[in-house]
$ cat target-v2.tsv   # TSV, C-alpha atoms and all ligand atoms
chain	number	residue	atom	x	y	z
R	274	MET	CA	59.26	145.18	163.80
R	275	ALA	CA	56.48	144.61	166.30
R	276	MET	CA	53.77	142.04	165.68
R	277	ILE	CA	50.05	142.82	165.87
R	278	ASN	CA	48.76	142.32	169.42
R	279	ASP	CA	46.84	139.14	170.23
R	280	LEU	CA	47.45	137.56	166.82
R	281	GLU	CA	45.07	134.63	167.29
R	282	ASN	CA	42.14	136.86	168.16
R	283	TYR	CA	43.07	139.26	165.36
R	284	PHE	CA	43.13	136.50	162.74
R	285	SER	CA	39.85	135.09	164.05
R	286	GLY	CA	38.35	138.33	162.72
R	287	LEU	CA	39.84	137.77	159.26
R	288	VAL	CA	37.37	135.25	157.93
R	289	PRO	CA	36.29	135.48	154.28
R	290	TRP	CA	32.75	136.37	153.25
R	291	ARG	CA	30.46	133.45	152.42
R	292	SER	CA	26.83	132.94	151.48
R	293	GLU	CA	23.86	132.53	153.82
R	294	LEU	CA	23.69	128.85	152.79
R	295	LEU	CA	27.30	128.20	153.83
R	296	ARG	CA	26.67	130.03	157.13
R	297	LYS	CA	23.62	127.82	157.71
R	298	LEU	CA	25.74	124.70	157.10
R	299	GLU	CA	28.33	126.03	159.56
R	300	ALA	CA	25.61	126.50	162.21
R	301	GLU	CA	24.27	122.98	161.61
R	302	ALA	CA	27.78	121.56	161.83
R	303	ARG	CA	28.36	123.31	165.17
R	304	GLN	CA	25.04	122.03	166.51
R	305	GLU	CA	25.50	118.44	165.32
R	306	ARG	CA	29.28	118.35	165.85
R	307	ILE	CA	29.99	117.59	162.20
R	308	PRO	CA	33.69	118.35	161.62
R	309	ILE	CA	33.61	120.56	158.52
R	310	VAL	CA	36.58	122.59	157.24
R	311	GLY	CA	35.03	126.01	157.97
R	312	PRO	CA	35.27	129.24	155.99
R	313	VAL	CA	39.07	129.69	155.95
R	314	VAL	CA	40.00	126.23	154.66
R	315	GLY	CA	36.86	126.35	152.48
R	316	GLU	CA	38.14	129.50	150.81
R	317	LEU	CA	41.61	127.94	150.56
R	318	LEU	CA	40.06	125.04	148.64
R	319	PHE	CA	38.39	127.50	146.28
R	320	ILE	CA	41.60	129.52	145.78
R	321	LEU	CA	43.81	126.49	145.13
R	322	ALA	CA	41.33	124.89	142.73
R	323	ARG	CA	40.75	128.16	140.87
R	324	ALA	CA	44.46	129.10	140.77
R	325	MET	CA	45.41	125.79	139.18
R	326	ASN	CA	42.37	125.93	136.89
R	327	ALA	CA	41.34	122.50	138.18
R	328	ARG	CA	38.75	120.78	136.02
R	329	ARG	CA	38.65	117.36	137.61
R	330	ILE	CA	38.44	117.40	141.40
R	331	LEU	CA	38.05	114.46	143.78
R	332	GLU	CA	36.96	114.87	147.40
R	333	LEU	CA	37.22	112.08	149.97
R	334	GLY	CA	34.66	112.74	152.72
R	335	THR	CA	31.59	114.81	151.80
R	336	ALA	CA	29.58	115.15	155.04
R	337	THR	CA	26.90	117.81	154.34
R	338	GLY	CA	28.57	119.07	151.17
R	339	TYR	CA	30.10	122.23	152.71
R	340	SER	CA	33.62	121.81	151.29
R	341	ALA	CA	32.25	120.34	148.05
R	342	ILE	CA	30.36	123.61	147.51
R	343	TYR	CA	33.61	125.60	147.79
R	344	LEU	CA	35.33	123.23	145.36
R	345	ALA	CA	32.42	123.34	142.91
R	346	GLN	CA	32.42	127.15	142.97
R	347	ALA	CA	35.96	126.99	141.57
R	348	VAL	CA	35.10	124.96	138.47
R	349	ALA	CA	33.40	126.59	135.53
R	350	PRO	CA	30.03	125.01	134.61
R	351	GLY	CA	30.45	122.63	131.69
R	352	LEU	CA	34.24	122.75	131.95
R	353	GLY	CA	34.89	120.86	135.15
R	354	ARG	CA	33.38	118.76	137.89
R	355	VAL	CA	33.79	117.56	141.43
R	356	ILE	CA	33.34	113.93	142.44
R	357	THR	CA	32.87	113.60	146.20
R	358	LEU	CA	32.79	110.30	148.11
R	359	GLU	CA	30.74	109.64	151.25
R	360	VAL	CA	30.23	106.36	153.08
R	361	ASP	CA	27.03	107.41	154.90
R	362	PRO	CA	24.02	107.33	152.49
R	363	ALA	CA	21.91	109.73	154.60
R	364	MET	CA	24.77	112.24	154.72
R	365	ALA	CA	25.28	111.86	150.97
R	366	GLN	CA	21.63	112.72	150.34
R	367	ARG	CA	21.88	115.71	152.62
R	368	ALA	CA	24.93	116.86	150.67
R	369	ARG	CA	23.10	116.47	147.35
R	370	ASP	CA	20.25	118.63	148.71
R	371	ASN	CA	22.67	121.32	149.93
R	372	ILE	CA	24.62	121.28	146.67
R	373	ALA	CA	21.32	121.67	144.78
R	374	ALA	CA	20.38	124.59	147.03
R	375	ALA	CA	23.72	126.19	146.08
R	376	GLY	CA	22.81	125.75	142.40
R	377	LEU	CA	25.84	123.52	141.84
R	378	SER	CA	24.31	120.10	141.10
R	379	ALA	CA	25.58	120.13	137.52
R	380	GLN	CA	29.17	120.40	138.73
R	381	VAL	CA	29.08	117.81	141.54
R	382	GLU	CA	28.58	114.06	141.67
R	383	VAL	CA	28.15	112.57	145.15
R	384	GLN	CA	29.08	108.86	145.18
R	385	VAL	CA	28.11	106.66	148.13
R	386	GLY	CA	30.56	104.09	149.47
R	387	ASP	CA	33.95	103.59	151.05
R	388	ALA	CA	36.35	106.05	149.47
R	389	LEU	CA	39.16	103.50	149.13
R	390	ALA	CA	36.94	100.99	147.31
R	391	LEU	CA	35.43	103.67	145.07
R	392	MET	CA	38.90	104.99	144.17
R	393	ASP	CA	39.97	101.47	143.18
R	394	GLY	CA	37.26	101.55	140.51
R	395	MET	CA	38.41	104.89	139.05
R	396	ALA	CA	40.82	105.54	136.22
R	397	GLU	CA	40.17	109.21	135.40
R	398	PRO	CA	43.14	111.43	136.25
R	399	PHE	CA	42.34	114.30	138.63
R	400	ASP	CA	43.95	117.74	138.91
R	401	PHE	CA	43.18	118.12	142.59
R	402	ILE	CA	42.26	115.72	145.41
R	403	PHE	CA	41.03	116.86	148.82
R	404	MET	CA	41.27	114.20	151.57
R	405	ASP	CA	39.00	114.49	154.62
R	406	ILE	CA	37.86	110.98	155.65
R	407	ASP	CA	38.44	108.96	158.84
R	408	LYS	CA	42.14	109.23	159.60
R	409	GLU	CA	42.87	105.48	159.44
R	410	GLY	CA	41.97	105.74	155.76
R	411	TYR	CA	44.68	108.33	155.04
R	412	LEU	CA	47.66	105.98	154.69
R	413	PRO	CA	45.92	103.48	152.37
R	414	ALA	CA	44.48	106.39	150.37
R	415	LEU	CA	47.91	107.88	149.69
R	416	THR	CA	48.99	105.44	146.93
R	417	ARG	CA	45.50	105.66	145.43
R	418	CYS	CA	45.75	109.46	145.33
R	419	HIS	CA	49.13	109.19	143.61
R	420	ARG	CA	47.70	106.83	141.00
R	421	LEU	CA	44.67	109.04	140.34
R	422	LEU	CA	46.39	112.44	140.20
R	423	ARG	CA	47.91	113.71	136.98
R	424	PRO	CA	51.64	114.57	137.21
R	425	GLY	CA	51.78	117.96	138.93
R	426	GLY	CA	48.35	117.38	140.46
R	427	LEU	CA	47.68	118.68	143.96
R	428	LEU	CA	46.73	116.74	147.09
R	429	LEU	CA	45.40	118.71	150.07
R	430	VAL	CA	44.98	116.74	153.29
R	431	ASP	CA	42.99	118.02	156.25
R	432	ASN	CA	43.49	117.10	159.93
R	433	THR	CA	47.09	115.88	159.74
R	434	GLY	CA	47.47	116.86	163.39
R	435	PHE	CA	45.35	113.88	164.47
R	436	GLN	CA	47.09	110.83	165.96
R	437	GLY	CA	45.45	108.65	163.33
R	438	ALA	CA	47.26	110.60	160.60
R	439	SER	CA	50.79	110.04	161.96
R	440	ASP	CA	51.53	106.97	159.78
R	441	PHE	CA	50.29	108.93	156.79
R	442	ASN	CA	52.48	111.92	157.69
R	443	ARG	CA	55.55	109.67	157.98
R	444	GLU	CA	54.88	107.94	154.66
R	445	LEU	CA	54.23	111.22	152.81
R	446	ALA	CA	57.51	112.60	154.18
R	447	GLN	CA	59.56	109.72	152.78
R	448	ASP	CA	57.74	108.93	149.53
R	449	PRO	CA	59.78	110.25	146.56
R	450	GLY	CA	56.56	110.50	144.55
R	451	TRP	CA	55.61	113.74	146.30
R	452	ARG	CA	56.90	117.24	147.03
R	453	TRP	CA	55.08	118.24	150.21
R	454	VAL	CA	54.66	120.57	153.15
R	455	ASN	CA	52.79	119.71	156.34
R	456	LEU	CA	51.70	122.93	158.03
R	457	LEU	CA	50.75	123.45	161.65
R	458	ALA	CA	48.01	126.01	161.21
R	459	ARG	CA	45.67	128.12	163.33
R	460	LEU	CA	42.45	127.93	161.35
R	461	PRO	CA	39.46	129.99	162.52
R	462	GLN	CA	36.21	127.94	162.65
R	463	HIS	CA	37.98	124.82	161.44
R	464	SER	CA	37.38	121.67	163.46
R	465	PRO	CA	39.72	121.81	165.42
R	466	GLU	CA	41.14	125.32	165.13
R	467	LEU	CA	44.75	124.21	165.70
R	468	ASP	CA	45.54	121.41	163.28
R	469	GLY	CA	47.84	120.19	160.53
R	470	LEU	CA	47.21	120.69	156.84
R	471	ALA	CA	49.34	118.90	154.23
R	472	LEU	CA	49.82	120.03	150.65
R	473	ALA	CA	51.59	117.74	148.22
R	474	VAL	CA	52.27	117.78	144.50
R	475	LYS	CA	52.60	114.54	142.57
R	476	ILE	CA	56.12	114.13	141.25
R	477	LEU	CA	56.97	111.22	138.99
R	478	PRO	CA	59.62	109.21	140.89
J	501	LIG	C1	35.35	115.38	158.30
J	501	LIG	S1	33.87	114.91	157.54
J	501	LIG	C2	33.96	115.69	155.96
J	501	LIG	C3	33.72	117.16	156.04
J	501	LIG	C4	33.63	117.82	154.69
J	501	LIG	N1	34.81	117.55	153.88
J	501	LIG	C5	33.51	119.33	154.87
J	501	LIG	O1	34.50	119.95	155.27
J	501	LIG	O2	32.41	119.86	154.63
J	501	LIG	C6	34.23	113.25	157.10
J	501	LIG	C7	33.14	112.57	156.31
J	501	LIG	O3	33.75	111.46	155.67
J	501	LIG	C8	32.93	110.33	155.79
J	501	LIG	N2	33.86	109.19	155.75
J	501	LIG	C9	34.69	108.74	156.74
J	501	LIG	N3	35.43	107.71	156.32
J	501	LIG	C10	35.07	107.49	155.03
J	501	LIG	C11	35.49	106.58	154.03
J	501	LIG	N4	36.43	105.65	154.28
J	501	LIG	N5	34.92	106.65	152.81
J	501	LIG	C12	33.97	107.59	152.53
J	501	LIG	N6	33.54	108.48	153.44
J	501	LIG	C13	34.09	108.45	154.66
J	501	LIG	C14	32.19	110.50	157.10
J	501	LIG	O4	30.96	109.80	157.05
J	501	LIG	C15	32.02	112.01	157.17
J	501	LIG	O5	30.77	112.42	156.64

$ encode --input "target-v2.tsv" --output "structure tokens"
Amino acid sequence: MAMINDLENYFSGLVPWRSELLRKLEAEARQERIPIVGPVVGELLFILARAMNARRILELGTATGYSAIYLAQAVAPGLGRVITLEVDPAMAQRARDNIAAAGLSAQVEVQVGDALALMDGMAEPFDFIFMDIDKEGYLPALTRCHRLLRPGGLLLVDNTGFQGASDFNRELAQDPGWRWVNLLARLPQHSPELDGLALAVKILP
């Protein structure tokens, strides 16, 4: 069976629909070089959260609130919420404004501070955690994610193709507390477009 010609270009044309607001945030991110997940991984976040009927979602690394909006779209108002952690107070405020413009303020709480320190103060179990902070934080965040996820909860980790994530990748691969895959993926409008994406489910060792 023959493959479609010029697969990368072909798949670049297969980008899901999104709102004017999300397109505006994409344009701002391009202009200001803010590394957001883009519309393909954004939609993946929505699909995973919706498919598992996630009610308690934790995001590490908010930036302008782009990915938080996708996550919040997946949780039914009144039934679930997203807590997103951002170390930069100005960015956190920008995210709150964008989330309000999306009409999703009731579903999202933006907390300001270092994600690792904020996680240490949490006890609530989460269904789904999305990790997208500075890569040196990935390895120390891993045990915290395991503690905070319910059994069977899902961890999605962006940018595992970065050098800074290699210790994290090694640890995830040998930790019996997880079932995992680490995908090399071509992701249109993701920053960068060729990158790793890890998915892991919490298993009780
Ligand atoms: C890659 S961007 C997040 C993009 C966002 N998830 C999206 O796709 O729309 C990373 C963000 O995490 C923040 N950050 C980096 N290290 C952090 C840490 N240790 N704790 C909290 N926030 C952190 C940065 O300030 C930056 O805004």

$ residues_near_point --input "target-v2.tsv" --point "(28.0, 115.8, 135.3)" --cutoff "9 Å" --atoms "all atoms listed in the file" --output "list in words"
Gly351, Gly353, Arg354, Val355, Ser378, Ala379, Gln380, Val381 and Glu382 of chain R

$ write_last_selection --input "target-v2.tsv" --atoms "C-alpha atoms" --output "PDB file, in the frame of the given file"
ATOM      1  CA  GLY R 351      30.450 122.630 131.690  1.00  0.00           C
ATOM      2  CA  GLY R 353      34.890 120.860 135.150  1.00  0.00           C
ATOM      3  CA  ARG R 354      33.380 118.760 137.890  1.00  0.00           C
ATOM      4  CA  VAL R 355      33.790 117.560 141.430  1.00  0.00           C
ATOM      5  CA  SER R 378      24.310 120.100 141.100  1.00  0.00           C
ATOM      6  CA  ALA R 379      25.580 120.130 137.520  1.00  0.00           C
ATOM      7  CA  GLN R 380      29.170 120.400 138.730  1.00  0.00           C
ATOM      8  CA  VAL R 381      29.080 117.810 141.540  1.00  0.00           C
ATOM      9  CA  GLU R 382      28.580 114.060 141.670  1.00  0.00           C
TER      10      GLU R 382
END

$ residues_around --input "target-v2.tsv" --residues "range 278-282 of chain R" --least-positions-apart "3" --cutoff "8 Å" --atoms "all atoms listed in the file" --output "MDAnalysis selection string"
chainID R and resid 285:286 459

$ closest_residue --input "target-v2.tsv" --among "R:Ile342, R:Ala275, R:Leu427, R:Leu456" --to "Val310 in chain R" --atoms "only C-alpha atoms"
R:Ile342

$ closest_atom_pairs --input "target-v2.tsv" --of "range 353-442 of chain R" --to "range 313-336 of chain R" --cutoff "7 Å" --atoms "all atoms listed in the file" --output "tab-separated table"
residue	atom	partner	partner_atom	distance
R:Gly353	CA	R:Arg328	CA	4.0
R:Arg354	CA	R:Arg329	CA	5.5
R:Val355	CA	R:Ile330	CA	4.7
R:Ile356	CA	R:Leu331	CA	4.9
R:Thr357	CA	R:Glu332	CA	4.4
R:Leu358	CA	R:Leu333	CA	5.1
R:Glu359	CA	R:Gly334	CA	5.2
R:Met364	CA	R:Ala336	CA	5.6
R:Ala365	CA	R:Ala336	CA	6.8
R:Ala368	CA	R:Ala336	CA	6.6
R:Ala388	CA	R:Leu333	CA	6.1
R:Phe399	CA	R:Arg329	CA	4.9
R:Asp400	CA	R:Arg329	CA	5.5
R:Phe401	CA	R:Ile330	CA	4.9
R:Ile402	CA	R:Leu331	CA	4.7
R:Phe403	CA	R:Glu332	CA	4.7
R:Met404	CA	R:Leu333	CA	4.8
R:Asp405	CA	R:Gly334	CA	5.1
R:Ile406	CA	R:Gly334	CA	4.7

$ residues_around --input "target-v2.tsv" --residues "His419 in chain R" --least-positions-apart "3" --cutoff "10 Å" --atoms "all atoms listed in the file" --output "PyMOL selection string"
chain R and resi 398-399+402+414-416+422-424+426-428+450-451+474-477

$ axis_aligned_box --input "target-v2.tsv" --around "ligand LIG 501 (chain J)" --padding-each-side "3 Å" --output "AutoDock Vina command-line options"
--center_x 33.6 --center_y 112.8 --center_z 155.4 --size_x 11.7 --size_y 20.3 --size_z 11.8

$ atom_distance --input "target-v2.tsv" --atom1 "CA of Val360 in chain R" --atom2 "CA of Pro413 in chain R"
16.0 Å

$ closest_residue --input "target-v2.tsv" --among "R:Gly376, R:Gly410, R:Gly437, R:Pro350" --to "ligand LIG 501 (chain J)" --atoms "all atoms listed in the file"
R:Gly410

$ closest_residue --input "target-v2.tsv" --among "R:Ala349, R:Leu412, R:Leu377, R:Ala446" --to "ligand LIG 501 (chain J)" --atoms "only C-alpha atoms and all ligand atoms"
R:Leu412

$ residues_around --input "target-v2.tsv" --residues "Leu470 in chain R" --least-positions-apart "2" --cutoff "8 Å" --atoms "only C-alpha atoms" --output "list in words"
Leu429, Val430, Asp431, Asn432, Thr433, Gly434, Asn455, Leu456, Leu457, Ala458, Asp468 and Leu472 of chain R

$ atom_distance --input "target-v2.tsv" --atom1 "atom C4 of ligand LIG 501 (chain J)" --atom2 "CA of Glu409 in chain R"
16.1 Å

$ closest_residue --input "target-v2.tsv" --among "R:Cys418, R:Val454, R:Ala300, R:Leu389" --to "ligand LIG 501 (chain J)" --atoms "only C-alpha atoms and all ligand atoms"
R:Leu389

$ atom_distance --input "target-v2.tsv" --atom1 "CA of Gln436 in chain R" --atom2 "atom C14 of ligand LIG 501 (chain J)"
17.3 Å

$ closest_residue --input "target-v2.tsv" --among "R:Ala471, R:Gln447, R:Tyr283, R:His463" --to "Glu299 in chain R" --atoms "all atoms listed in the file"
R:His463

$ closest_residue --input "target-v2.tsv" --among "R:Pro449, R:Pro312, R:Pro289, R:Gly338" --to "ligand LIG 501 (chain J)" --atoms "only C-alpha atoms and all ligand atoms"
R:Gly338
